[in-house]
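Let me begin by presenting the structure, written as structure tokens, before commenting on it.
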Amino acid sequence: MRELGIGLIGTGFMGRAHALAFRNVSAAFELPVSLRLAALADADPQRASQCAQAWGFATAHSDWQKLIDDPAVNVVAITTPNHLHFPMAMAALAAGKAVYCEKPLAVSLEQAEQMHQAAKAAGVVTRVGYNYQHNPMIEWARQMVRDGELGQIISFDGEFCEDFMADGQAPWSWRCEAQHAGGALADLGSHLLAMARYLLGDVQAVCADSQTVHRQRPVQAGSAELKPIVVDDHTQALLRFANGARGTVSSSWLKHGYKNHLSFEISGTLGTLKFDQERLNELQLCRAGQAGFQRLLAGPALPGYAAFSPAPGHQLGYNELKTLEVHALIMALAGEGQVGTDFAEALAVERLAAAIRVAAREQRWVQVQSV
Ligand code: NAD
């Protein structure tokens with residue numbers, strides 16, 4: 001059996017999620033290749049070696065280029081702040097390695113375009129961490145839309161909000177820098193835009209508004225020193241889909257009470273379907289004429305669920321979605337699958353986000369393909 005060497009860069013929130021997924025995927029699925037946790041890199045050398053040991057990676061680096069140059073590494077997983085996706089992915093592609101990059105793909109449309117071109121030229125597998133799409137309930141929703149169970153689709157109304165920046169004293173982080181990240185639209189909205197495209201397809205035109213509510217934040221928790229903030233705290237947009245449906249999307253990191261509220265309602269001539277990531281094992285469906293919404297619950301009839309549990313209602317969690325994403329990556333690397341967001345699709349998400357930024361800045365409708 002062919003062996004794939006995994007190189008993981010970053011040991012934060014997503015570094016751990018990737019490590020868990022790479023460790024668990026062989027237990028959940030029979031894979032056509034075997035995985036070797038070859039190398040782990042983090043800017044902090046002590047953290048790199050501690051995590052490499054605890055998570056089962058063979059070697060640790062503080063210089064990510066050394067991980068990319070390591071001949072034992074076939075796949076480079078990038079879980080660093082957004083502005084580092086570009087140099088790391090470009091270096092990995094130049095070395096002919098497959099790339100599994102966290103979202104959003106880049107901090108500018110120009111970078112995203114270069115990454116897509118480099119991936120095409122390298123001819124390697126690329127995937128981007130839009131993990132919410134790997135929920136078997138989302139696949140079910142997508143199938144219902146495709147099979148016409150909701151009739152002709154009229155609207156998509158989506159929201160992704162959390163409250164981790166709701167406190168005006170919540171400190172600055174790399175997420176608050178335009179050149180490092182891009183605000184709530186980049187951080188949360190990108191997932192929602194990817195989801196809207198996944199379920200309903202291309203968006204032709206957008207109109208948007210955006211606001212920075214807290215224009216200064218402490219440089220670190222409790223500090224009296226303040227940093228100016230220019231990225232959006234929340235953004236709302238109207239969408240016109242190519243299939244004729246209309247939509248709204250809203251992303252905010254200021255909404256008290258919400259922890260992971262990636263949610264949407266899709267309405268068609270024959271019914272309405274609702275989803276909320278805070279209840280990720282459920283869909284709510286109302287067919288035309290029914291008195292109200294019916295709750296559909298995840299169970300082993302859905303293959304992605306069955307990989308983790310034979311019992312209905314026992315529920316998947318966030319880390320299982322990441323494992324499903326890694327499974328899709330491995331199958332693509334083995335030449336046995338096409339599932340997952342590649343750099344071409346992630347570029348389309350970036351173009352949509354860029355169009356929303358232009359629309360908000362210029363207060364007008366923008367054709368997505370014009371940006
Ligand atoms: P984090 O701050 O928790 O972790 C970032 C890691 O990168 C840290 O371990 C840091 O030491 C490391 N790092 C920074 N500079 C480095 C360098 N030069 N070389 C090597 N390592 C370096 O951030 P996070 O929350 O894990 O976010 C990382 C990425 O994951 C971002 O792109 C973010 O948008 C994305 N993300 C995705 C999801 C999702 O659901 N898919 C959720 C959260 C974050």
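Labeling convention for the structure tokens: chains A, B, ... as they appear, residues from 1 per chain, ligands from 1 in order of appearance.
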- Distance query region 207-217 of chain A at most 10 Å, only C-alpha atoms, self and fewer than 4 positions along chain excluded, as JSON, numbers by chain: {"A": [165, 166, 167, 168, 169, 170, 171, 172, 173, 176, 183, 184, 185, 221, 223, 224, 225, 226, 227, 228, 229, 230, 231, 232, 233, 234, 235, 236, 237, 238, 239, 240, 248, 249, 250, 251, 252, 254, 355, 356, 357, 358, 359, 360, 361, 362, 363, 364, 365, 366, 367]}
- Can you tell me, as a list in words, what residues are no more than 8 Å from region 39-50 of chain A when counting only C-alpha atoms, ignoring any on the same chain fewer than 4 positions away?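 My reading of the contact set: Ile6, Gly7, Leu8, Ile9, Gly10, Thr11, Ala54, Phe57, Ala58, Thr59, Ala60, His61, Ser62, Asp63, Trp64, Leu67 and Val73 of chain A.
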- Which one of A:Leu109, A:Leu193, A:Ser370, A:Leu329 sits closest to Phe22 (chain A) if you count only C-alpha atoms? A:Leu329
- Item | Within 9 Å of ligand 1, counting only C-alpha atoms and all ligand atoms, residues as a PyMOL selection string | chain A and resi 9-17+41-44+47-48+61-65+78-85+88+101-106+128-132+173-175+181+186-188+191+318+322
- Provide the CA of Arg23 (chain A) to CA of Ser190 (chain A) distance in Å, to one decimal place.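 Distance between the two atoms: 26.8 Å.
Each of A:His327, A:His116, A:Arg2, A:Arg295 was checked against Ala307 (chain A) using only C-alpha atoms; the smallest atom-to-atom distance is that of A:His327.
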- Task: In Å, rounded to a single decimal, give me how far CA of Glu325 (chain A) is from CA of Lys255 (chain A).
- Result: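 Taking CA of Lys255 (chain A) as the start and CA of Glu325 (chain A) as the end point, the length is 28.1 Å.
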- Which residue of A:Val33, A:Val25, A:Ala19, A:Ala328 approaches Ala77 (chain A) most closely, using only C-alpha atoms: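 For Ala77 (chain A), the nearest of the candidates is A:Ala19.
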